[in-house]
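This is entry04.txt. It holds compact mmCIF, C-alpha atoms and all ligand atoms.
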# COMPACT_ATOMS: atom_id res chain seq x y z
CA MET A 100 0.00 0.00 0.00
CA THR A 101 1.28 3.44 -0.81
CA PRO A 102 0.71 6.27 1.64
CA GLN A 103 -2.75 7.69 1.11
CA HIS A 104 -2.99 10.58 3.50
CA SER A 105 -6.47 11.67 2.63
CA VAL A 106 -8.19 8.28 2.55
CA VAL A 107 -10.78 7.67 5.23
CA LEU A 108 -12.50 4.29 5.14
CA ARG A 109 -15.51 3.35 7.20
CA ARG A 110 -18.35 0.84 7.32
CA GLY A 111 -20.22 0.72 4.01
CA ASP A 112 -17.20 1.56 1.84
CA SER A 113 -15.95 -0.89 -0.75
CA GLY A 114 -13.21 -1.29 -3.33
CA ALA A 115 -9.50 -1.94 -3.62
CA ALA A 116 -8.51 0.20 -0.61
CA VAL A 117 -10.92 -1.82 1.56
CA ALA A 118 -9.38 -5.04 0.19
CA ALA A 119 -5.95 -3.79 1.30
CA VAL A 120 -7.27 -2.97 4.78
CA ARG A 121 -8.87 -6.43 5.08
CA GLU A 122 -5.60 -8.04 4.08
CA ARG A 123 -3.65 -6.10 6.73
CA LEU A 124 -6.24 -7.03 9.38
CA VAL A 125 -5.84 -10.71 8.50
CA LEU A 126 -2.06 -10.34 8.79
CA SER A 127 -2.36 -8.57 12.14
CA GLY A 128 -4.61 -11.39 13.38
CA ASP A 129 -7.63 -9.17 13.93
CA LEU A 130 -9.69 -10.67 11.09
CA PRO A 131 -9.94 -14.46 10.50
CA ALA A 132 -8.14 -15.57 7.32
CA ALA A 133 -11.44 -16.94 6.00
CA ASP A 134 -12.65 -13.33 5.95
CA LEU A 135 -10.16 -12.24 3.32
CA GLY A 136 -13.16 -11.46 1.16
CA PRO A 137 -13.94 -11.88 -2.51
CA ALA A 138 -11.13 -12.60 -4.93
CA ARG A 139 -11.82 -9.42 -6.86
CA ASP A 140 -10.44 -6.46 -4.96
CA ASP A 141 -13.06 -4.01 -6.14
CA HIS A 142 -15.77 -6.16 -4.54
CA ALA A 143 -14.26 -5.98 -1.03
CA VAL A 144 -16.68 -4.53 1.49
CA PHE A 145 -16.04 -2.71 4.78
CA ASP A 146 -18.69 -4.60 6.74
CA HIS A 147 -19.48 -5.06 10.43
CA GLU A 148 -16.77 -7.73 10.86
CA VAL A 149 -14.15 -5.42 9.39
CA GLU A 150 -15.30 -2.62 11.63
CA GLU A 151 -14.96 -4.85 14.71
CA ALA A 152 -11.52 -5.99 13.52
CA VAL A 153 -10.43 -2.36 13.09
CA LYS A 154 -11.64 -1.58 16.62
CA SER A 155 -9.73 -4.52 18.06
CA PHE A 156 -6.57 -3.41 16.22
CA GLN A 157 -7.05 0.17 17.45
CA GLN A 158 -7.59 -1.03 21.00
CA ARG A 159 -4.38 -3.07 21.02
CA ARG A 160 -2.35 -0.27 19.49
CA GLY A 161 -3.70 2.48 21.75
CA LEU A 162 -5.35 4.36 18.91
CA ILE A 163 -8.70 6.10 19.14
CA VAL A 164 -11.19 3.22 18.97
CA ASP A 165 -13.77 4.35 16.41
CA GLY A 166 -13.68 1.56 13.80
CA ILE A 167 -12.75 4.09 11.12
CA VAL A 168 -9.54 3.80 9.12
CA GLY A 169 -8.27 7.39 9.01
CA ARG A 170 -4.75 8.73 8.64
CA SER A 171 -3.36 7.45 11.99
CA THR A 172 -4.93 4.01 11.93
CA TYR A 173 -3.96 3.58 8.30
CA ALA A 174 -0.31 4.42 8.99
CA VAL A 175 -0.06 2.07 11.98
CA LEU A 176 -1.98 -0.70 10.23
CA ASP A 177 0.13 -0.40 7.12
CA GLY A 178 3.31 -0.34 9.22
CA SER A 179 2.34 -3.41 11.26
CA ARG A 180 3.30 -5.91 8.56
CA TRP A 181 7.00 -5.00 8.49
CA GLY A 182 9.61 -6.92 10.49
CA LEU A 183 13.15 -5.58 10.84
CA GLY A 184 15.10 -6.51 7.70
CA ASP A 185 12.00 -6.89 5.46
CA ARG A 186 12.80 -3.66 3.66
CA VAL A 187 15.56 -1.06 3.54
CA LEU A 188 15.00 1.70 6.08
CA ARG A 189 16.29 5.21 5.67
CA TYR A 190 15.37 8.79 6.41
CA VAL A 191 13.13 10.32 3.74
CA PRO A 192 12.60 14.00 4.60
CA GLU A 193 9.40 14.35 2.53
CA TYR A 194 7.72 11.29 4.00
CA PHE A 195 8.95 9.59 7.14
CA ILE A 196 8.87 5.82 6.83
CA GLU A 197 6.71 4.29 9.58
CA GLY A 198 6.29 0.75 10.77
CA ASP A 199 6.98 -1.95 13.30
CA ASP A 200 10.39 -2.47 11.69
CA VAL A 201 11.25 1.15 12.54
CA VAL A 202 10.21 0.44 16.14
CA ALA A 203 12.59 -2.55 16.15
CA LEU A 204 15.40 -0.49 14.60
CA GLN A 205 14.95 2.29 17.13
CA GLY A 206 14.86 -0.25 19.96
CA ARG A 207 18.11 -1.84 18.80
CA LEU A 208 19.81 1.55 18.45
CA ALA A 209 18.66 2.56 21.92
CA GLU A 210 19.83 -0.70 23.45
CA LEU A 211 23.25 -0.23 21.91
CA GLY A 212 23.59 3.27 23.29
CA PHE A 213 22.60 5.36 20.25
CA THR A 214 19.71 7.67 21.06
CA PRO A 215 17.02 7.65 18.36
CA GLY A 216 14.70 9.93 20.38
CA LYS A 217 11.28 8.57 21.16
CA VAL A 218 10.84 4.95 20.03
CA ASP A 219 7.74 5.78 18.02
CA GLY A 220 8.08 3.78 14.80
CA ILE A 221 8.65 6.92 12.72
CA HIS A 222 11.97 7.18 10.88
CA GLY A 223 12.69 10.87 11.48
CA PRO A 224 15.90 12.94 11.78
CA ASN A 225 16.82 11.65 15.27
CA THR A 226 16.61 8.04 14.11
CA ASP A 227 18.71 9.02 11.11
CA SER A 228 21.50 10.52 13.22
CA ALA A 229 21.45 7.58 15.64
CA LEU A 230 21.65 5.13 12.75
CA ARG A 231 24.56 7.01 11.14
CA ALA A 232 26.39 7.19 14.49
CA PHE A 233 25.90 3.43 14.90
CA GLN A 234 27.20 2.74 11.39
CA ALA A 235 30.28 4.90 11.97
CA ALA A 236 30.91 3.18 15.32
CA VAL A 237 30.96 -0.30 13.77
CA GLY A 238 33.05 0.75 10.76
CA LEU A 239 30.31 0.89 8.12
CA THR A 240 29.76 3.78 5.74
CA PRO A 241 27.53 6.12 7.74
CA ASP A 242 25.00 6.53 4.95
CA GLY A 243 21.88 6.27 7.10
CA THR A 244 20.57 3.35 5.07
CA ALA A 245 19.65 0.32 7.12
CA GLY A 246 20.19 -2.42 4.54
CA PRO A 247 21.55 -5.95 4.79
CA GLU A 248 25.03 -4.87 5.93
CA THR A 249 23.67 -2.87 8.83
CA MET A 250 21.36 -5.77 9.76
CA ARG A 251 24.39 -8.10 9.86
CA ALA A 252 26.18 -5.64 12.11
CA PHE A 253 23.20 -5.67 14.49
CA ALA A 254 23.12 -9.45 14.50
CA GLY A 255 26.82 -9.61 15.31
CA LEU A 256 26.52 -7.45 18.39
CA ARG A 257 25.43 -8.83 21.70
CA ARG A 258 22.66 -6.96 23.39
CA SER A 259 24.19 -4.80 26.08
CA VAL A 260 20.87 -4.11 27.77
CA SER A 261 17.55 -5.65 26.91
CA GLY A 262 14.14 -4.08 26.57
CA GLY A 263 13.52 -0.41 27.04
CA SER A 264 15.63 0.00 30.14
CA ALA A 265 18.52 1.62 28.27
CA ASN A 266 16.17 4.22 26.92
CA ALA A 267 14.57 4.71 30.28
CA LEU A 268 17.95 5.18 31.92
CA ARG A 269 18.97 7.73 29.35
CA GLU A 270 15.72 9.70 29.60
CA ARG A 271 16.12 9.84 33.38
CA GLU A 272 19.78 10.74 33.11
CA HIS A 273 19.01 13.53 30.66
CA LEU A 274 16.42 14.89 33.05
CA ARG A 275 18.80 14.72 36.01
CA ARG A 276 21.51 16.55 34.12
CA SER A 277 19.09 19.23 33.03
CA GLY A 278 18.70 20.22 36.67
CA TYR A 279 15.93 20.47 39.21
CA SER A 280 14.58 23.86 38.29
CA LEU A 281 11.53 24.76 36.23
CA SER A 282 13.09 28.10 35.35
CA GLY A 283 14.31 28.38 31.76
CA ARG A 284 12.16 25.55 30.47
CA THR A 285 9.64 25.78 27.65
CA ILE A 286 6.27 24.16 28.17
CA VAL A 287 3.67 23.91 25.41
CA LEU A 288 0.09 24.11 26.68
CA ASP A 289 -2.49 22.68 24.34
CA PRO A 290 -6.07 23.68 25.17
CA GLY A 291 -8.12 21.05 23.34
CA HIS A 292 -10.34 21.86 20.34
CA GLY A 293 -10.85 25.52 19.30
CA GLY A 294 -12.05 27.45 16.28
CA THR A 295 -15.28 25.95 15.02
CA ASP A 296 -14.73 22.84 17.18
CA ALA A 297 -15.98 23.68 20.68
CA GLY A 298 -15.49 20.14 22.01
CA ALA A 299 -18.07 18.72 24.40
CA ASP A 300 -20.61 20.89 26.19
CA GLY A 301 -22.28 20.00 29.44
CA HIS A 302 -24.03 21.07 32.60
CA HIS A 303 -23.83 24.61 33.99
CA GLY A 304 -23.31 26.05 30.50
CA LEU A 305 -19.74 24.76 30.36
CA VAL A 306 -18.02 24.29 27.00
CA GLU A 307 -14.86 22.19 26.77
CA SER A 308 -12.82 24.47 24.48
CA SER A 309 -13.37 27.58 26.65
CA LEU A 310 -12.81 25.71 29.89
CA ALA A 311 -9.55 24.22 28.60
CA LEU A 312 -8.35 27.67 27.59
CA ASP A 313 -9.37 29.13 30.96
CA LEU A 314 -7.38 26.43 32.76
CA ALA A 315 -4.41 26.90 30.42
CA ARG A 316 -4.30 30.62 31.31
CA ARG A 317 -4.30 29.81 35.02
CA VAL A 318 -1.43 27.36 34.48
CA GLU A 319 0.42 29.89 32.37
CA GLY A 320 0.28 32.55 35.09
CA ARG A 321 1.77 30.22 37.67
CA LEU A 322 4.44 28.80 35.37
CA SER A 323 5.53 32.25 34.20
CA ALA A 324 6.07 33.18 37.84
CA HIS A 325 8.54 30.27 37.97
CA GLY A 326 10.48 31.52 34.95
CA VAL A 327 8.94 29.03 32.51
CA SER A 328 8.28 30.09 28.92
CA VAL A 329 4.77 29.02 28.08
CA VAL A 330 3.61 28.59 24.50
CA PHE A 331 -0.03 27.98 23.54
CA THR A 332 -1.07 25.86 20.57
CA ARG A 333 -4.08 28.13 20.14
CA THR A 334 -5.82 31.19 21.54
CA GLU A 335 -9.47 32.23 21.61
CA ALA A 336 -9.34 33.41 18.04
CA THR A 337 -7.28 30.67 16.46
CA ASP A 338 -7.91 27.03 15.79
CA GLY A 339 -5.04 24.79 16.93
CA GLY A 340 -5.43 22.48 13.95
CA THR A 341 -5.30 18.71 14.03
CA ASP A 342 -3.41 16.87 16.74
CA GLU A 343 -0.69 16.12 14.17
CA GLU A 344 -0.32 19.85 13.53
CA ARG A 345 -0.24 20.61 17.23
CA ALA A 346 2.50 18.00 17.70
CA ALA A 347 4.52 19.51 14.83
CA PHE A 348 4.11 22.92 16.40
CA ALA A 349 5.41 21.67 19.77
CA ASN A 350 8.38 20.09 17.98
CA SER A 351 9.14 23.38 16.26
CA CYS A 352 9.18 25.11 19.68
CA ASP A 353 11.70 22.57 20.94
CA ALA A 354 9.63 22.40 24.13
CA ASP A 355 10.63 20.41 27.21
CA LEU A 356 7.14 19.07 27.69
CA VAL A 357 3.63 19.27 26.22
CA LEU A 358 0.46 19.29 28.27
CA SER A 359 -2.85 18.90 26.46
CA LEU A 360 -6.02 19.88 28.32
CA HIS A 361 -9.42 18.32 27.70
CA THR A 362 -12.58 17.40 29.54
CA ASP A 363 -14.39 14.14 28.97
CA HIS A 364 -17.97 13.36 28.03
CA SER A 365 -20.21 10.31 28.37
CA ASP A 366 -23.62 9.78 26.86
CA SER A 367 -25.02 8.19 30.00
CA GLY A 368 -24.01 11.18 32.13
CA LEU A 369 -22.84 8.77 34.82
CA ALA A 370 -19.11 8.65 34.15
CA HIS A 371 -17.07 11.08 36.21
CA GLY A 372 -13.51 11.77 37.26
CA ALA A 373 -10.11 12.77 35.89
CA ALA A 374 -7.63 10.75 33.82
CA THR A 375 -4.20 11.28 32.27
CA TYR A 376 -2.61 9.80 29.14
CA PHE A 377 1.03 9.40 28.13
CA TYR A 378 2.77 7.91 25.09
CA GLY A 379 2.99 4.13 25.09
CA HIS A 380 1.31 0.99 23.82
CA PRO A 381 -1.40 -0.27 26.15
CA ASP A 382 0.50 -3.57 26.17
CA HIS A 383 3.85 -1.83 26.51
CA ALA A 384 5.36 -4.66 28.52
CA ARG A 385 5.68 -6.32 25.11
CA ARG A 386 8.32 -3.87 24.00
CA GLY A 387 10.13 -0.96 25.52
CA ASP A 388 8.68 1.93 23.58
CA TRP A 389 7.00 4.30 25.93
CA SER A 390 7.82 7.64 27.46
CA VAL A 391 9.17 7.16 30.97
CA ILE A 392 8.99 10.85 31.80
CA GLY A 393 5.54 11.09 30.25
CA GLU A 394 4.36 8.22 32.41
CA SER A 395 5.93 9.72 35.48
CA PHE A 396 4.37 13.15 34.86
CA ALA A 397 0.97 11.66 33.97
CA ASP A 398 1.00 9.71 37.21
CA LEU A 399 2.09 12.60 39.43
CA LEU A 400 -0.30 15.01 37.75
CA LEU A 401 -3.31 12.79 38.24
CA ARG A 402 -2.43 12.20 41.90
CA GLU A 403 -2.09 15.93 42.50
CA VAL A 404 -5.33 16.76 40.68
CA VAL A 405 -7.29 14.10 42.54
CA ALA A 406 -5.85 15.07 45.92
CA ARG A 407 -6.59 18.78 45.40
CA THR A 408 -10.01 18.67 43.74
CA GLY A 409 -11.70 15.50 44.95
CA LEU A 410 -12.37 14.42 41.34
CA THR A 411 -12.49 10.63 41.01
CA ASP A 412 -9.25 8.92 39.99
CA CYS A 413 -9.82 7.37 36.54
CA ARG A 414 -6.16 6.39 36.31
CA SER A 415 -3.27 7.10 34.00
CA HIS A 416 -3.17 5.30 30.64
CA ALA A 417 -0.66 4.55 27.86
CA ARG A 418 -1.95 5.63 24.45
CA THR A 419 -0.51 6.18 20.96
CA TRP A 420 -2.72 9.12 20.01
CA PRO A 421 -1.05 11.43 17.46
CA LEU A 422 -0.32 14.24 19.92
CA LEU A 423 1.42 11.83 22.30
CA ARG A 424 3.19 9.89 19.58
CA ARG A 425 4.35 12.59 17.20
CA THR A 426 5.81 14.93 19.82
CA ARG A 427 9.54 14.52 20.31
CA MET A 428 9.32 15.56 23.97
CA PRO A 429 7.29 13.98 26.77
CA ALA A 430 3.62 14.78 26.20
CA VAL A 431 0.70 14.23 28.55
CA ARG A 432 -3.00 14.77 28.15
CA LEU A 433 -5.15 15.60 31.16
CA ASP A 434 -8.92 15.05 31.06
CA PHE A 435 -10.05 17.06 34.07
CA GLY A 436 -13.57 15.76 34.69
CA TYR A 437 -16.73 14.97 32.71
CA LEU A 438 -18.84 17.95 31.68
CA SER A 439 -21.68 15.47 31.13
CA HIS A 440 -21.64 14.67 34.86
CA ASP A 441 -23.53 17.09 37.07
CA GLY A 442 -21.15 16.81 40.03
CA ASP A 443 -17.97 17.24 37.96
CA ALA A 444 -19.49 20.15 36.03
CA ALA A 445 -20.60 21.85 39.25
CA ALA A 446 -17.05 21.57 40.59
CA LEU A 447 -15.52 22.91 37.38
CA ALA A 448 -17.97 25.80 37.18
CA ASP A 449 -16.23 27.07 40.33
CA ALA A 450 -13.06 29.00 39.47
CA HIS A 451 -11.40 27.76 42.66
CA THR A 452 -11.41 24.23 41.27
CA LEU A 453 -9.62 25.41 38.12
CA ASP A 454 -7.06 27.17 40.31
CA ARG A 455 -6.49 23.97 42.21
CA VAL A 456 -6.03 22.01 38.97
CA ALA A 457 -3.58 24.68 37.77
CA GLU A 458 -1.63 24.41 41.00
CA ALA A 459 -1.62 20.62 40.64
CA VAL A 460 -0.04 21.01 37.18
CA VAL A 461 2.77 23.21 38.50
CA VAL A 462 3.50 21.02 41.51
CA ALA A 463 3.47 17.86 39.39
CA LEU A 464 5.86 19.44 36.89
CA GLN A 465 8.15 20.50 39.68
CA ARG A 466 8.04 16.99 41.11
CA VAL A 467 8.93 15.43 37.75
CA TYR A 468 12.03 17.55 37.67
CA LEU A 469 12.83 16.70 41.29
CA GLY A 470 12.80 13.01 40.36
CA GLU A 471 13.97 10.59 42.98
CA ALA A 472 14.84 13.27 45.52
CA ASP A 473 11.16 14.06 46.00
CA THR A 474 9.64 12.19 48.92
CA SER A 475 6.88 14.66 49.73
CA ARG A 476 3.31 13.56 50.07
CA THR A 477 0.91 14.24 47.24
CA GLY A 478 -1.54 17.07 47.59
CA VAL A 479 -0.04 18.59 50.72
CA LEU A 480 2.84 20.56 49.23
CA ARG A 481 2.30 24.24 48.63
CA LEU A 482 4.49 25.94 46.06
CA ASP A 483 6.41 27.80 48.77
CA ASP A 484 7.16 24.55 50.57
CA LEU A 485 8.38 23.13 47.31
CA ARG A 486 10.73 26.02 46.70
CA ARG A 487 12.18 25.64 50.20
CA HIS A 488 12.54 21.91 49.64
CA LEU A 489 14.42 22.60 46.41
CA GLU A 490 16.79 25.04 48.05
CA THR A 491 17.60 22.58 50.84
CA MET A 492 18.22 19.91 48.27
CA ARG A 493 20.51 22.07 46.20
CA ALA A 494 22.47 23.01 49.31
CA GLN A 495 22.88 19.33 50.18
CA GLN A 496 24.00 18.58 46.67
CA VAL A 497 26.70 21.24 46.82
CA ALA A 498 27.83 20.06 50.27
CA GLY A 499 27.86 16.41 49.14
CA GLY A 500 29.90 17.37 46.06
CA HIS A 501 29.18 14.21 44.09
CA GLY A 502 31.04 13.88 40.81
CA ALA A 503 29.90 14.63 37.30
CA PRO A 504 26.62 12.89 36.43
CA GLY A 505 27.09 9.40 35.13
CA SER A 506 30.82 9.31 35.83
CA GLY A 507 32.03 6.06 37.33
CA ALA A 508 30.16 3.34 39.16
CA ALA A 509 28.61 5.67 41.73
CA GLY A 510 26.99 7.74 38.99
CA ARG A 511 25.55 4.70 37.27
CA ASP A 512 24.24 3.35 40.52
CA ARG A 513 22.40 6.59 41.20
CA THR A 514 20.81 6.52 37.78
CA GLN A 515 19.61 2.98 38.16
CA ARG A 516 18.00 3.80 41.44
CA ALA A 517 16.30 6.72 39.77
CA ASP A 518 14.99 4.45 37.08
CA ARG A 519 13.52 1.97 39.53
CA THR A 520 11.44 4.62 41.28
CA VAL A 521 9.61 5.28 38.02
CA GLY A 522 7.86 1.92 37.76
ZN ZN B 601 -11.64 17.03 24.07
Just dump the structure as structure tokens.
Amino acid sequence: MTPQHSVVLRRGDSGAAVAAVRERLVLSGDLPAADLGPARDDHAVFDHEVEEAVKSFQQRRGLIVDGIVGRSTYAVLDGSRWGLGDRVLRYVPEYFIEGDDVVALQGRLAELGFTPGKVDGIHGPNTDSALRAFQAAVGLTPDGTAGPETMRAFAGLRRSVSGGSANALREREHLRRSGYSLSGRTIVLDPGHGGTDAGADGHHGLVESSLALDLARRVEGRLSAHGVSVVFTRTEATDGGTDEERAAFANSCDADLVLSLHTDHSDSGLAHGAATYFYGHPDHARRGDWSVIGESFADLLLREVVARTGLTDCRSHARTWPLLRRTRMPAVRLDFGYLSHDGDAAALADAHTLDRVAEAVVVALQRVYLGEADTSRTGVLRLDDLRRHLETMRAQQVAGGHGAPGSGAAGRDRTQRADRTVG
């Protein structure tokens, strides 16, 4: 299948593109082989069984489960048939190659100490530089083309670390080196929806897009006071675009972290509570591609929000939604309550609740950057306490005078301990 960016297939459609989708679903194990459909491609139908198979694929891959094959599902579905070595991988600036083989390549590079950035299955510039660095290190021409020679080089090397732990260690180490302070960082705030898309509406006259923007402003005020540069993906007047566009925007800002703000909605009106989402496959134990910092921030943020607002804890989840996947930095989405629930909406109609959510965001961010040194209890820290805690910690660090980060056995030991606290 060639990339077809504009194709959207749903129940009722038929033709050659549907035949290709059915074939991929059989290969991925989501559709029984007997369901391959009629021999003639143009007679293939997107029926109920195909829709259910698409949903099951989307569920496993952490995509939005809607049974529709749009741009994201198509790319992941099309990429799922490739194993490492099945085709030549290289960086194509006009169209990044995507697939499970890219995930495997990135995983191998990460394990061997070459940092491909996020292990996201997209062959972008970071994967390209890591691949070239690997080739140079093993004496191959650093041409950035992962062909048979490069595959042989991989096969000849023993795994130094298995799974995603090398990546996790490096992400933690990078964070530790970057220091404990929020000051000087760039955070992208992404108020969900915007423009003609107002998002969900609910009780008490609340509208998701306005509420998300209101919360983003409250977060911005507090972060600016800490010396953080805050960039918005949209304002009142502008539409933030698709999630892919928002992710590209965050990448262009070279942000340290992205926080997307949404509220949830349920038809029954019964569901309530807050949830957070970070980049990862729902079954991420299977392979090591998930954002450790994203997971850590998503977890801390939800705990802080729940402790400060009394919203129900709907847990933190790994997802591969475009905004989480296509951002090069840790990205987290917060759904702060259901506007369709009377109790949640009543709480959110009160500005004090939004202030408490905003404070939760700042404290959780601060705690991510504190890492292992943070032993404070959730929901009880005020910002002033946190600043004092930081100063004490910095003083201890200077007095302790430990060596350069990562130097020698002591440095490695520290990092490993840091990694274990993430789980
Ligand atoms: Zn939303």
Residues up to 7 Å from ligand ZN 601 (chain B), counting only C-alpha atoms and all ligand atoms: could you list those as a list in words?
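With only C-alpha atoms and all ligand atoms and a cut-off of 7 Å, ligand ZN 601 (chain B) is contacted by Gly291, His292, Gly298, Ala299, Glu307, His361, Thr362 and Asp363 of chain A.
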Rounded to one decimal in Å, what is the spacing between atom CA of A:His303 and atom CA of A:Gly436?
13.6 Å
Judged by only C-alpha atoms, the minimum distance to A:Leu469 among A:Val306, A:Val357, A:Leu281, A:Leu126 is found for A:Leu281
Show me, as a PyMOL selection string, the residues that have an atom within 8 Å of A:Asp338 when counting only C-alpha atoms, minus same-chain residues fewer than 4 positions from it.
chain A and resi 292-295+333-334
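Minimum atom-to-atom distances from A:Gly368, A:Gly198, A:Pro192, A:Gly393 to A:Tyr173 were compared using all atoms listed in the file, and the lowest value belongs to A:Gly198.
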Could you work out an axis-aligned bounding box for all listed atoms of stretch 231-242 of chain A, with 3 Å added on each of the six sides, and give its centre and edge lengths in Å to one decimal, as AutoDock Vina command-line options?
--center_x 28.8 --center_y 3.4 --center_z 10.1 --size_x 14.5 --size_y 13.5 --size_z 16.4
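Residue nearest A:Thr452, chosen from A:Pro247, A:Gly409, A:Gly169, A:Pro429 and counting only C-alpha atoms: A:Gly409.
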What's the 10 Å shell around A:Lys217, counting all atoms listed in the file, without same-chain residues fewer than 3 positions away, as a list in words?
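In the requested form, the answer reads Val202, Gln205, Gly206, Ala209, Thr214, Gly220, Ile221, Asn225, Thr226, Asn266, Glu270, Tyr378, Asp388, Trp389, Ser390, Arg424, Arg425, Thr426, Arg427, Met428 and Pro429 of chain A.
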Return the single residue from A:Thr244, A:Ser323, A:Ser179, A:Ser439 that is closest to A:Ser282, with distances computed using only C-alpha atoms.
A:Ser323
12 Å contact set for A:Ser367, only C-alpha atoms, chain neighbours under 6 positions out, as an NGL selection string:
:A and (437-441)
Save the residues we just selected, C-alpha atoms, as a compact mmCIF listing (two decimals), in the frame of the given file?
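So part-v1.txt came out as:
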# COMPACT_ATOMS: atom_id res chain seq x y z
CA TYR A 437 -16.73 14.97 32.71
CA LEU A 438 -18.84 17.95 31.68
CA SER A 439 -21.68 15.47 31.13
CA HIS A 440 -21.64 14.67 34.86
CA ASP A 441 -23.53 17.09 37.07
Please provide as a PyMOL selection string all residues within 12 Å of A:Leu130, with the sequence filter that same-chain residues fewer than 4 positions apart are discarded (counting all atoms listed in the file).
chain A and resi 120-126+134-136+145-156
Restrict the selected residues to C-alpha atoms and save them as an mmCIF file, in the frame of the given file.
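Final output, saved to selection22.cif:
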data_model
loop_
_atom_site.group_PDB
_atom_site.id
_atom_site.type_symbol
_atom_site.label_atom_id
_atom_site.label_comp_id
_atom_site.auth_asym_id
_atom_site.auth_seq_id
_atom_site.Cartn_x
_atom_site.Cartn_y
_atom_site.Cartn_z
ATOM 1 C CA VAL A 120 -7.270 -2.970 4.780
ATOM 2 C CA ARG A 121 -8.870 -6.430 5.080
ATOM 3 C CA GLU A 122 -5.600 -8.040 4.080
ATOM 4 C CA ARG A 123 -3.650 -6.100 6.730
ATOM 5 C CA LEU A 124 -6.240 -7.030 9.380
ATOM 6 C CA VAL A 125 -5.840 -10.710 8.500
ATOM 7 C CA LEU A 126 -2.060 -10.340 8.790
ATOM 8 C CA ASP A 134 -12.650 -13.330 5.950
ATOM 9 C CA LEU A 135 -10.160 -12.240 3.320
ATOM 10 C CA GLY A 136 -13.160 -11.460 1.160
ATOM 11 C CA PHE A 145 -16.040 -2.710 4.780
ATOM 12 C CA ASP A 146 -18.690 -4.600 6.740
ATOM 13 C CA HIS A 147 -19.480 -5.060 10.430
ATOM 14 C CA GLU A 148 -16.770 -7.730 10.860
ATOM 15 C CA VAL A 149 -14.150 -5.420 9.390
ATOM 16 C CA GLU A 150 -15.300 -2.620 11.630
ATOM 17 C CA GLU A 151 -14.960 -4.850 14.710
ATOM 18 C CA ALA A 152 -11.520 -5.990 13.520
ATOM 19 C CA VAL A 153 -10.430 -2.360 13.090
ATOM 20 C CA LYS A 154 -11.640 -1.580 16.620
ATOM 21 C CA SER A 155 -9.730 -4.520 18.060
ATOM 22 C CA PHE A 156 -6.570 -3.410 16.220
#
Extract, using all atoms listed in the file, all DNA, RNA and protein residues at most 12 Å from A:Arg159, discarding same-chain residues fewer than 3 positions from it, and format them as a PyMOL selection string.
chain A and resi 127-129+152-156+162-164+172+175-176+179+379-383+385+417-419
Written selection (C-alpha atoms) as an mmCIF file, in the coordinates of the input:
data_model
loop_
_atom_site.group_PDB
_atom_site.id
_atom_site.type_symbol
_atom_site.label_atom_id
_atom_site.label_comp_id
_atom_site.auth_asym_id
_atom_site.auth_seq_id
_atom_site.Cartn_x
_atom_site.Cartn_y
_atom_site.Cartn_z
ATOM 1 C CA SER A 127 -2.360 -8.570 12.140
ATOM 2 C CA GLY A 128 -4.610 -11.390 13.380
ATOM 3 C CA ASP A 129 -7.630 -9.170 13.930
ATOM 4 C CA ALA A 152 -11.520 -5.990 13.520
ATOM 5 C CA VAL A 153 -10.430 -2.360 13.090
ATOM 6 C CA LYS A 154 -11.640 -1.580 16.620
ATOM 7 C CA SER A 155 -9.730 -4.520 18.060
ATOM 8 C CA PHE A 156 -6.570 -3.410 16.220
ATOM 9 C CA LEU A 162 -5.350 4.360 18.910
ATOM 10 C CA ILE A 163 -8.700 6.100 19.140
ATOM 11 C CA VAL A 164 -11.190 3.220 18.970
ATOM 12 C CA THR A 172 -4.930 4.010 11.930
ATOM 13 C CA VAL A 175 -0.060 2.070 11.980
ATOM 14 C CA LEU A 176 -1.980 -0.700 10.230
ATOM 15 C CA SER A 179 2.340 -3.410 11.260
ATOM 16 C CA GLY A 379 2.990 4.130 25.090
ATOM 17 C CA HIS A 380 1.310 0.990 23.820
ATOM 18 C CA PRO A 381 -1.400 -0.270 26.150
ATOM 19 C CA ASP A 382 0.500 -3.570 26.170
ATOM 20 C CA HIS A 383 3.850 -1.830 26.510
ATOM 21 C CA ARG A 385 5.680 -6.320 25.110
ATOM 22 C CA ALA A 417 -0.660 4.550 27.860
ATOM 23 C CA ARG A 418 -1.950 5.630 24.450
ATOM 24 C CA THR A 419 -0.510 6.180 20.960
#
